[in-house]
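**Q** I am sharing upload.pdb, which consists of PDB, C-alpha atoms, pLDDT in the B column:
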ATOM      1  CA  MET A   1      46.995  74.292 171.764  1.00 76.00           C
ATOM      2  CA  LYS A   2      50.443  75.658 170.929  1.00 88.00           C
ATOM      3  CA  GLY A   3      50.950  77.807 167.886  1.00 95.00           C
ATOM      4  CA  ASN A   4      52.809  76.774 164.752  1.00 97.00           C
ATOM      5  CA  LEU A   5      56.383  77.777 163.970  1.00 98.00           C
ATOM      6  CA  PHE A   6      57.267  78.633 160.362  1.00 98.00           C
ATOM      7  CA  VAL A   7      60.942  79.104 159.477  1.00 98.00           C
ATOM      8  CA  VAL A   8      61.626  81.094 156.304  1.00 98.00           C
ATOM      9  CA  SER A   9      65.164  81.164 154.900  1.00 96.00           C
ATOM     10  CA  GLY A  10      66.968  81.919 151.690  1.00 96.00           C
ATOM     11  CA  PRO A  11      70.079  83.659 150.399  1.00 94.00           C
ATOM     12  CA  SER A  12      70.724  87.319 151.024  1.00 91.00           C
ATOM     13  CA  GLY A  13      68.884  89.476 148.497  1.00 93.00           C
ATOM     14  CA  VAL A  14      66.229  86.886 147.630  1.00 96.00           C
ATOM     15  CA  GLY A  15      63.491  89.054 149.145  1.00 96.00           C
ATOM     16  CA  LYS A  16      62.461  86.821 152.045  1.00 96.00           C
ATOM     17  CA  GLY A  17      62.038  89.813 154.347  1.00 93.00           C
ATOM     18  CA  THR A  18      59.834  91.598 151.824  1.00 95.00           C
ATOM     19  CA  VAL A  19      57.627  88.527 151.382  1.00 98.00           C
ATOM     20  CA  CYS A  20      57.294  87.888 155.126  1.00 97.00           C
ATOM     21  CA  LYS A  21      56.495  91.533 155.850  1.00 95.00           C
ATOM     22  CA  ALA A  22      53.821  91.575 153.132  1.00 97.00           C
ATOM     23  CA  TYR A  23      52.338  88.365 154.556  1.00 98.00           C
ATOM     24  CA  VAL A  24      52.001  89.671 158.124  1.00 98.00           C
ATOM     25  CA  GLU A  25      50.513  92.933 156.863  1.00 97.00           C
ATOM     26  CA  LYS A  26      47.662  90.777 155.508  1.00 97.00           C
ATOM     27  CA  HIS A  27      47.705  88.480 158.558  1.00 98.00           C
ATOM     28  CA  PRO A  28      48.510  90.628 161.606  1.00 97.00           C
ATOM     29  CA  GLU A  29      47.558  87.775 163.939  1.00 96.00           C
ATOM     30  CA  VAL A  30      50.820  86.054 162.935  1.00 98.00           C
ATOM     31  CA  TYR A  31      53.918  87.190 164.831  1.00 97.00           C
ATOM     32  CA  LEU A  32      56.973  87.935 162.678  1.00 97.00           C
ATOM     33  CA  SER A  33      59.999  87.545 164.911  1.00 97.00           C
ATOM     34  CA  ILE A  34      62.496  90.406 164.867  1.00 96.00           C
ATOM     35  CA  SER A  35      66.108  89.253 164.778  1.00 94.00           C
ATOM     36  CA  ALA A  36      69.036  90.885 166.525  1.00 96.00           C
ATOM     37  CA  THR A  37      72.150  91.674 164.495  1.00 96.00           C
ATOM     38  CA  THR A  38      75.507  93.356 164.759  1.00 97.00           C
ATOM     39  CA  ARG A  39      75.461  94.548 161.139  1.00 94.00           C
ATOM     40  CA  ASN A  40      75.091  98.235 160.403  1.00 92.00           C
ATOM     41  CA  PRO A  41      71.592  99.535 159.555  1.00 92.00           C
ATOM     42  CA  ARG A  42      70.819 100.077 155.876  1.00 87.00           C
ATOM     43  CA  ALA A  43      68.638 102.785 154.378  1.00 84.00           C
ATOM     44  CA  GLY A  44      65.069 102.082 155.446  1.00 86.00           C
ATOM     45  CA  ASP A  45      66.063  99.991 158.469  1.00 90.00           C
ATOM     46  CA  ALA A  46      64.533 100.905 161.827  1.00 92.00           C
ATOM     47  CA  ASP A  47      65.758  99.584 165.166  1.00 93.00           C
ATOM     48  CA  GLY A  48      63.147  97.330 166.740  1.00 92.00           C
ATOM     49  CA  VAL A  49      61.216  97.089 163.461  1.00 90.00           C
ATOM     50  CA  THR A  50      63.493  95.473 160.873  1.00 89.00           C
ATOM     51  CA  TYR A  51      66.144  94.317 163.365  1.00 94.00           C
ATOM     52  CA  TYR A  52      67.377  94.971 166.856  1.00 96.00           C
ATOM     53  CA  PHE A  53      70.747  96.570 166.134  1.00 97.00           C
ATOM     54  CA  ILE A  54      73.224  95.778 168.907  1.00 97.00           C
ATOM     55  CA  ASN A  55      76.989  95.651 169.198  1.00 96.00           C
ATOM     56  CA  GLU A  56      79.084  92.497 169.377  1.00 96.00           C
ATOM     57  CA  GLU A  57      79.582  92.758 173.147  1.00 97.00           C
ATOM     58  CA  GLN A  58      75.809  92.893 173.712  1.00 97.00           C
ATOM     59  CA  PHE A  59      75.299  89.973 171.342  1.00 97.00           C
ATOM     60  CA  ARG A  60      77.904  87.827 173.082  1.00 97.00           C
ATOM     61  CA  SER A  61      76.285  88.658 176.414  1.00 97.00           C
ATOM     62  CA  GLY A  62      72.939  87.424 175.034  1.00 97.00           C
ATOM     63  CA  ILE A  63      74.563  84.169 173.923  1.00 96.00           C
ATOM     64  CA  ALA A  64      76.005  83.660 177.410  1.00 97.00           C
ATOM     65  CA  LYS A  65      72.559  84.225 178.945  1.00 97.00           C
ATOM     66  CA  ASP A  66      70.876  81.758 176.528  1.00 96.00           C
ATOM     67  CA  ALA A  67      68.708  84.615 175.265  1.00 97.00           C
ATOM     68  CA  PHE A  68      68.621  83.401 171.636  1.00 96.00           C
ATOM     69  CA  LEU A  69      66.717  80.501 170.067  1.00 95.00           C
ATOM     70  CA  GLU A  70      69.455  80.404 167.453  1.00 94.00           C
ATOM     71  CA  HIS A  71      72.372  82.518 166.377  1.00 93.00           C
ATOM     72  CA  ALA A  72      74.861  82.457 163.557  1.00 88.00           C
ATOM     73  CA  VAL A  73      77.602  84.484 161.920  1.00 89.00           C
ATOM     74  CA  TYR A  74      76.722  85.524 158.370  1.00 83.00           C
ATOM     75  CA  CYS A  75      79.189  87.457 156.205  1.00 82.00           C
ATOM     76  CA  GLY A  76      81.053  88.633 159.299  1.00 89.00           C
ATOM     77  CA  ASN A  77      78.040  89.759 161.351  1.00 93.00           C
ATOM     78  CA  TYR A  78      76.103  88.077 164.154  1.00 94.00           C
ATOM     79  CA  TYR A  79      72.400  87.331 163.702  1.00 93.00           C
ATOM     80  CA  GLY A  80      70.110  85.767 166.282  1.00 94.00           C
ATOM     81  CA  THR A  81      66.478  85.186 167.257  1.00 96.00           C
ATOM     82  CA  PRO A  82      65.470  86.480 170.711  1.00 97.00           C
ATOM     83  CA  LYS A  83      63.904  83.557 172.567  1.00 96.00           C
ATOM     84  CA  GLU A  84      61.383  85.182 174.931  1.00 96.00           C
ATOM     85  CA  PRO A  85      58.878  86.771 172.489  1.00 96.00           C
ATOM     86  CA  VAL A  86      58.806  83.696 170.225  1.00 97.00           C
ATOM     87  CA  MET A  87      58.084  81.264 173.070  1.00 97.00           C
ATOM     88  CA  LYS A  88      55.504  83.645 174.525  1.00 97.00           C
ATOM     89  CA  HIS A  89      53.516  83.741 171.272  1.00 97.00           C
ATOM     90  CA  LEU A  90      53.760  79.985 170.654  1.00 97.00           C
ATOM     91  CA  GLU A  91      52.654  79.115 174.198  1.00 96.00           C
ATOM     92  CA  ALA A  92      49.674  81.473 173.813  1.00 96.00           C
ATOM     93  CA  GLY A  93      48.584  79.555 170.689  1.00 94.00           C
ATOM     94  CA  GLY A  94      49.788  82.105 168.162  1.00 96.00           C
ATOM     95  CA  ASP A  95      51.618  81.307 164.946  1.00 97.00           C
ATOM     96  CA  VAL A  96      55.164  82.619 164.511  1.00 98.00           C
ATOM     97  CA  ILE A  97      57.339  83.234 161.448  1.00 98.00           C
ATOM     98  CA  LEU A  98      61.107  83.234 161.831  1.00 97.00           C
ATOM     99  CA  GLU A  99      62.824  84.910 158.894  1.00 95.00           C
ATOM    100  CA  ILE A 100      66.392  83.752 159.463  1.00 92.00           C
ATOM    101  CA  GLU A 101      69.559  82.590 157.729  1.00 86.00           C
ATOM    102  CA  SER A 102      69.986  78.917 156.850  1.00 90.00           C
ATOM    103  CA  ASP A 103      72.645  78.345 159.536  1.00 85.00           C
ATOM    104  CA  GLY A 104      70.150  79.395 162.179  1.00 88.00           C
ATOM    105  CA  ALA A 105      67.371  77.397 160.512  1.00 93.00           C
ATOM    106  CA  MET A 106      69.368  74.194 160.828  1.00 92.00           C
ATOM    107  CA  HIS A 107      69.819  74.905 164.543  1.00 91.00           C
ATOM    108  CA  ILE A 108      66.071  75.489 164.943  1.00 95.00           C
ATOM    109  CA  ARG A 109      65.426  72.220 163.101  1.00 92.00           C
ATOM    110  CA  SER A 110      67.309  70.266 165.757  1.00 89.00           C
ATOM    111  CA  HIS A 111      65.260  71.826 168.590  1.00 90.00           C
ATOM    112  CA  PHE A 112      61.857  72.243 166.876  1.00 94.00           C
ATOM    113  CA  PRO A 113      61.420  69.248 164.532  1.00 92.00           C
ATOM    114  CA  GLU A 114      57.705  70.062 164.277  1.00 94.00           C
ATOM    115  CA  ALA A 115      58.449  73.452 162.688  1.00 97.00           C
ATOM    116  CA  VAL A 116      57.737  74.043 158.988  1.00 98.00           C
ATOM    117  CA  PHE A 117      60.799  75.019 156.944  1.00 98.00           C
ATOM    118  CA  ILE A 118      60.366  77.155 153.825  1.00 98.00           C
ATOM    119  CA  PHE A 119      63.270  78.000 151.493  1.00 98.00           C
ATOM    120  CA  VAL A 120      62.841  81.159 149.420  1.00 98.00           C
ATOM    121  CA  CYS A 121      64.483  80.778 146.031  1.00 97.00           C
ATOM    122  CA  PRO A 122      65.315  83.362 143.328  1.00 97.00           C
ATOM    123  CA  PRO A 123      64.483  82.630 139.678  1.00 96.00           C
ATOM    124  CA  SER A 124      68.230  82.469 138.927  1.00 96.00           C
ATOM    125  CA  LEU A 125      71.649  83.428 140.279  1.00 94.00           C
ATOM    126  CA  GLU A 126      71.744  86.244 137.740  1.00 95.00           C
ATOM    127  CA  GLU A 127      68.523  87.683 139.164  1.00 96.00           C
ATOM    128  CA  LEU A 128      69.863  87.330 142.699  1.00 95.00           C
ATOM    129  CA  LYS A 129      72.977  89.288 141.698  1.00 94.00           C
ATOM    130  CA  ARG A 130      70.801  91.972 140.085  1.00 95.00           C
ATOM    131  CA  ARG A 131      68.758  92.341 143.276  1.00 94.00           C
ATOM    132  CA  LEU A 132      71.853  92.605 145.452  1.00 94.00           C
ATOM    133  CA  GLU A 133      73.317  95.255 143.162  1.00 93.00           C
ATOM    134  CA  GLY A 134      69.976  97.068 143.075  1.00 92.00           C
ATOM    135  CA  ARG A 135      69.970  97.511 146.862  1.00 90.00           C
ATOM    136  CA  ASP A 136      73.020  99.748 146.466  1.00 85.00           C
ATOM    137  CA  THR A 137      73.992  99.006 150.087  1.00 83.00           C
ATOM    138  CA  GLU A 138      77.124  96.879 149.632  1.00 87.00           C
ATOM    139  CA  THR A 139      80.444  97.164 147.863  1.00 91.00           C
ATOM    140  CA  PRO A 140      81.146  94.902 144.856  1.00 93.00           C
ATOM    141  CA  GLU A 141      83.330  92.785 147.145  1.00 94.00           C
ATOM    142  CA  GLU A 142      80.515  92.399 149.680  1.00 91.00           C
ATOM    143  CA  ILE A 143      78.061  91.482 146.917  1.00 93.00           C
ATOM    144  CA  GLN A 144      80.454  88.820 145.643  1.00 94.00           C
ATOM    145  CA  ALA A 145      80.803  87.433 149.182  1.00 92.00           C
ATOM    146  CA  ARG A 146      77.022  87.210 149.497  1.00 91.00           C
ATOM    147  CA  LEU A 147      76.763  85.444 146.131  1.00 94.00           C
ATOM    148  CA  GLU A 148      79.394  82.919 147.187  1.00 94.00           C
ATOM    149  CA  LYS A 149      77.542  82.378 150.446  1.00 91.00           C
ATOM    150  CA  ALA A 150      74.292  81.900 148.494  1.00 93.00           C
ATOM    151  CA  LYS A 151      75.891  79.148 146.397  1.00 93.00           C
ATOM    152  CA  SER A 152      76.772  77.298 149.602  1.00 92.00           C
ATOM    153  CA  GLU A 153      73.177  77.601 150.865  1.00 93.00           C
ATOM    154  CA  PHE A 154      71.349  76.006 147.931  1.00 95.00           C
ATOM    155  CA  PRO A 155      72.356  72.411 148.838  1.00 94.00           C
ATOM    156  CA  ARG A 156      70.626  72.944 152.179  1.00 94.00           C
ATOM    157  CA  ALA A 157      67.339  73.655 150.409  1.00 96.00           C
ATOM    158  CA  LYS A 158      66.792  69.881 150.251  1.00 95.00           C
ATOM    159  CA  LYS A 159      66.397  69.864 154.039  1.00 96.00           C
ATOM    160  CA  TYR A 160      63.402  72.221 153.905  1.00 97.00           C
ATOM    161  CA  ASN A 161      59.759  71.208 153.610  1.00 98.00           C
ATOM    162  CA  TYR A 162      58.860  73.697 150.877  1.00 98.00           C
ATOM    163  CA  MET A 163      60.486  75.792 148.163  1.00 98.00           C
ATOM    164  CA  LEU A 164      58.964  79.247 147.745  1.00 98.00           C
ATOM    165  CA  MET A 165      59.854  80.866 144.428  1.00 98.00           C
ATOM    166  CA  ASN A 166      60.073  84.643 144.702  1.00 98.00           C
ATOM    167  CA  ASP A 167      59.783  85.719 141.084  1.00 96.00           C
ATOM    168  CA  ASP A 168      57.056  88.206 142.003  1.00 97.00           C
ATOM    169  CA  VAL A 169      56.314  89.399 145.541  1.00 97.00           C
ATOM    170  CA  ALA A 170      52.518  89.231 145.308  1.00 98.00           C
ATOM    171  CA  ALA A 171      52.665  85.718 143.863  1.00 98.00           C
ATOM    172  CA  ALA A 172      55.182  84.640 146.507  1.00 98.00           C
ATOM    173  CA  VAL A 173      52.895  85.926 149.271  1.00 98.00           C
ATOM    174  CA  ARG A 174      50.014  83.884 147.821  1.00 98.00           C
ATOM    175  CA  ARG A 175      52.233  80.806 147.801  1.00 98.00           C
ATOM    176  CA  LEU A 176      53.247  81.440 151.409  1.00 98.00           C
ATOM    177  CA  GLU A 177      49.574  81.765 152.367  1.00 98.00           C
ATOM    178  CA  ALA A 178      48.838  78.428 150.689  1.00 98.00           C
ATOM    179  CA  ILE A 179      51.700  76.704 152.519  1.00 98.00           C
ATOM    180  CA  ILE A 180      50.720  78.082 155.920  1.00 98.00           C
ATOM    181  CA  ASP A 181      47.009  77.337 155.425  1.00 97.00           C
ATOM    182  CA  ALA A 182      47.763  73.761 154.378  1.00 97.00           C
ATOM    183  CA  GLU A 183      50.084  73.160 157.320  1.00 96.00           C
ATOM    184  CA  LYS A 184      47.521  74.509 159.787  1.00 94.00           C
ATOM    185  CA  CYS A 185      45.018  71.960 158.412  1.00 95.00           C
ATOM    186  CA  TYR A 186      47.517  69.073 158.515  1.00 95.00           C
ATOM    187  CA  MET A 187      45.941  66.363 160.655  1.00 95.00           C
ATOM    188  CA  PRO A 188      48.943  65.565 162.895  1.00 93.00           C
ATOM    189  CA  ARG A 189      48.848  69.216 164.030  1.00 92.00           C
ATOM    190  CA  ASN A 190      45.178  68.873 164.972  1.00 93.00           C
ATOM    191  CA  ILE A 191      45.060  65.571 166.858  1.00 93.00           C
ATOM    192  CA  GLU A 192      44.988  67.417 170.185  1.00 90.00           C
ATOM    193  CA  PHE A 193      41.890  69.356 169.050  1.00 90.00           C
ATOM    194  CA  ILE A 194      40.165  66.197 167.759  1.00 94.00           C
ATOM    195  CA  ASN A 195      40.844  64.354 171.014  1.00 94.00           C
ATOM    196  CA  LYS A 196      39.674  67.248 173.173  1.00 92.00           C
ATOM    197  CA  GLU A 197      36.527  68.166 171.296  1.00 93.00           C
ATOM    198  CA  PHE A 198      35.244  64.899 169.858  1.00 95.00           C
ATOM    199  CA  LEU A 199      36.852  61.939 171.617  1.00 94.00           C
ATOM    200  CA  LYS A 200      36.104  62.733 175.238  1.00 78.00           C
TER
END
Output the file's structure as structure tokens, nothing else.

**A**
Amino acid sequence: MKGNLFVVSGPSGVGKGTVCKAYVEKHPEVYLSISATTRNPRAGDADGVTYYFINEEQFRSGIAKDAFLEHAVYCGNYYGTPKEPVMKHLEAGGDVILEIESDGAMHIRSHFPEAVFIFVCPPSLEELKRRLEGRDTETPEEIQARLEKAKSEFPRAKKYNYMLMNDDVAAAVRRLEAIIDAEKCYMPRNIEFINKEFLK
């Protein structure tokens, strides 16, 4: 039986990466996909751990070779999900989390309609701005660009299956656990098991 694909998105600074990382630390059997990006590393970033940091030429080469499940340009930088490790884990029956931007999520939706889409939401725009400023990694102009981009992303939230409020990381992780547990018990995802084990 194939694994389940969970797509987690939300505006920059909402803390989706923090929540996903905390979840997989508690559930190491779940594979958290590592995206590739052309943006510069921030303090605390590690190549091959937080992102695969590559240049634009390498990224464009990957696009030409169909090496990404999805890719998008976000605030002037390329982001994409390497295809091979995700498909490998799904085919082996493992669950996968994609922590990606909403542009990429919409592309995944068209190719994986069975995936579960989770939109991480901040308590308010003011709190989102505070978090972006607190990272101390972008100029005021870059922060404003990310806030404007965030405003354009919220209408897309209606296309997701779940909203995940990140007002507190520990609480958000518990909510993510509840969503994933419920989806794994959802009967349409288990018909193959029922047929194989009990309806021979």

**Q** Using Å and a single decimal, report how far atom CA of Glu84 of chain A sits from atom CA of Asp66 of chain A.

**A**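 Spanning atom CA of Asp66 of chain A to atom CA of Glu84 of chain A is a straight-line distance of 10.2 Å.
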
**Q** What does the structure give for the distance between atom CA of Lys158 of chain A and atom CA of Glu142 of chain A, in Å to one decimal?

**A** 26.4 Å

**Q** Residues picked by the PyMOL selection byres ((chain A and resi 71-80) around 8) here, as a PyMOL selection string?

**A** chain A and resi 35-39+56+59+68-70+81-82+101+103-104+145-146+149

**Q** Write the residues you've just listed into a file as a tab-separated table (two decimals), in the frame of the given file, and include C-alpha atoms for each of them.

**A**
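Saved file part.tsv follows:
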chain	number	residue	atom	x	y	z
A	35	SER	CA	66.11	89.25	164.78
A	36	ALA	CA	69.04	90.88	166.52
A	37	THR	CA	72.15	91.67	164.50
A	38	THR	CA	75.51	93.36	164.76
A	39	ARG	CA	75.46	94.55	161.14
A	56	GLU	CA	79.08	92.50	169.38
A	59	PHE	CA	75.30	89.97	171.34
A	68	PHE	CA	68.62	83.40	171.64
A	69	LEU	CA	66.72	80.50	170.07
A	70	GLU	CA	69.46	80.40	167.45
A	81	THR	CA	66.48	85.19	167.26
A	82	PRO	CA	65.47	86.48	170.71
A	101	GLU	CA	69.56	82.59	157.73
A	103	ASP	CA	72.64	78.34	159.54
A	104	GLY	CA	70.15	79.40	162.18
A	145	ALA	CA	80.80	87.43	149.18
A	146	ARG	CA	77.02	87.21	149.50
A	149	LYS	CA	77.54	82.38	150.45

**Q** To verify the selection step, state as a list in words which residues the PyMOL selection byres ((chain A and resi 126-136) around 10) yields on this input.

**A** Pro11, Ser12, Gly13, Val14, Gly15, Arg42, Ala43, Cys121, Pro122, Pro123, Ser124, Leu125, Thr137, Glu138, Thr139, Pro140, Glu142, Ile143, Gln144, Arg146, Leu147, Ala150 and Asp167 of chain A

**Q** Ranking A:Ala105, A:Ile34, A:Ile118, A:Met87 by minimum distance to Tyr52 of chain A and counting only C-alpha atoms, which one comes first?

**A**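 Smallest separation from Tyr52 of chain A among the options: A:Ile34.
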
**Q** Under the PyMOL selection byres ((chain A and resi 89-91) around 8), which residues of this model are included? Write them out as a ChimeraX atom specification.

**A** /A:1-5,31,85-88,92-96

**Q** Every residue with an atom at most 7 Å from (65.8, 76.3, 151.6) (file coordinates; all atoms listed in the file) is what I'm after, so could you write them as a ChimeraX atom specification?

**A** /A:9-10,118-120,154,156-160,163

**Q** Find the residues near Ile97 of chain A: any atom within 8 Å, counting all atoms listed in the file, skip ones fewer than 5 places away on the same chain, and give them as a list in words.

**A**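 Answer for this query is Leu5, Phe6, Val7, Val8, Cys20, Val30, Tyr31, Leu32 and Ser33 of chain A.
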
**Q** Looking at all atoms listed in the file, which of A:Glu141, A:Val116, A:Lys21, A:Gly62 is the one that sits closest to Val49 of chain A?

**A**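 Going through A:Glu141, A:Val116, A:Lys21, A:Gly62 one by one, the smallest distance to Val49 of chain A is for A:Lys21.
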
**Q** Which residues are close to segment 23-25 of chain A, i.e. within 10 Å by all atoms listed in the file, leaving aside same-chain residues fewer than 6 positions away? Reply as number ranges by chain.

**A** A: 17, 31-32, 97, 169-170, 172-174, 176-177

**Q** What does the distance between atom CA of Pro28 of chain A and atom CA of Pro41 of chain A come to in Å, to one decimal place?

**A**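 Calculated distance between atom CA of Pro28 of chain A and atom CA of Pro41 of chain A is 24.8 Å.
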
**Q** If we count only C-alpha atoms and set the cut-off at 9 Å, which residues sit around Arg175 of chain A, ignoring sequence neighbours fewer than 5 positions away in its own chain? Please answer as a list in words.

**A**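 Returned residues: Leu164, Met165, Ala170 and Ile180 of chain A.
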
**Q** Rebuild segment 9-28 of chain A to N, CA and C atoms - output it as a short mmCIF file (atom, residue, chain, number, x, y, z; two decimals), in the coordinates of the input, please.

**A**
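Wrote out21.cif, looks like this:
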data_model
loop_
_atom_site.label_atom_id
_atom_site.label_comp_id
_atom_site.auth_asym_id
_atom_site.auth_seq_id
_atom_site.Cartn_x
_atom_site.Cartn_y
_atom_site.Cartn_z
N SER A 9 63.76 80.87 155.17
CA SER A 9 65.16 81.16 154.90
C SER A 9 65.38 81.33 153.41
N GLY A 10 66.58 81.76 153.09
CA GLY A 10 66.97 81.92 151.69
C GLY A 10 68.18 82.82 151.63
N PRO A 11 68.86 82.85 150.51
CA PRO A 11 70.08 83.66 150.40
C PRO A 11 69.81 85.15 150.53
N SER A 12 70.82 85.87 150.92
CA SER A 12 70.72 87.32 151.02
C SER A 12 70.33 87.92 149.69
N GLY A 13 69.33 88.82 149.72
CA GLY A 13 68.88 89.48 148.50
C GLY A 13 67.73 88.79 147.80
N VAL A 14 67.30 87.62 148.31
CA VAL A 14 66.23 86.89 147.63
C VAL A 14 64.86 87.52 147.86
N GLY A 15 64.76 88.38 148.89
CA GLY A 15 63.49 89.05 149.15
C GLY A 15 62.63 88.39 150.21
N LYS A 16 63.25 87.53 151.03
CA LYS A 16 62.46 86.82 152.04
C LYS A 16 61.85 87.78 153.06
N GLY A 17 62.58 88.83 153.41
CA GLY A 17 62.04 89.81 154.35
C GLY A 17 60.85 90.55 153.78
N THR A 18 60.93 90.90 152.50
CA THR A 18 59.83 91.60 151.82
C THR A 18 58.58 90.73 151.78
N VAL A 19 58.76 89.45 151.47
CA VAL A 19 57.63 88.53 151.38
C VAL A 19 56.99 88.32 152.76
N CYS A 20 57.83 88.11 153.77
CA CYS A 20 57.29 87.89 155.13
C CYS A 20 56.57 89.13 155.65
N LYS A 21 57.13 90.29 155.40
CA LYS A 21 56.50 91.53 155.85
C LYS A 21 55.14 91.71 155.17
N ALA A 22 55.08 91.45 153.86
CA ALA A 22 53.82 91.58 153.13
C ALA A 22 52.80 90.57 153.65
N TYR A 23 53.26 89.39 154.02
CA TYR A 23 52.34 88.36 154.56
C TYR A 23 51.72 88.83 155.88
N VAL A 24 52.55 89.30 156.81
CA VAL A 24 52.00 89.67 158.12
C VAL A 24 51.18 90.95 158.06
N GLU A 25 51.39 91.77 157.05
CA GLU A 25 50.51 92.93 156.86
C GLU A 25 49.09 92.47 156.53
N LYS A 26 48.97 91.35 155.83
CA LYS A 26 47.66 90.78 155.51
C LYS A 26 47.14 89.90 156.65
N HIS A 27 48.07 89.40 157.47
CA HIS A 27 47.70 88.48 158.56
C HIS A 27 48.35 88.95 159.86
N PRO A 28 47.86 90.04 160.42
CA PRO A 28 48.51 90.63 161.61
C PRO A 28 48.44 89.74 162.85
#
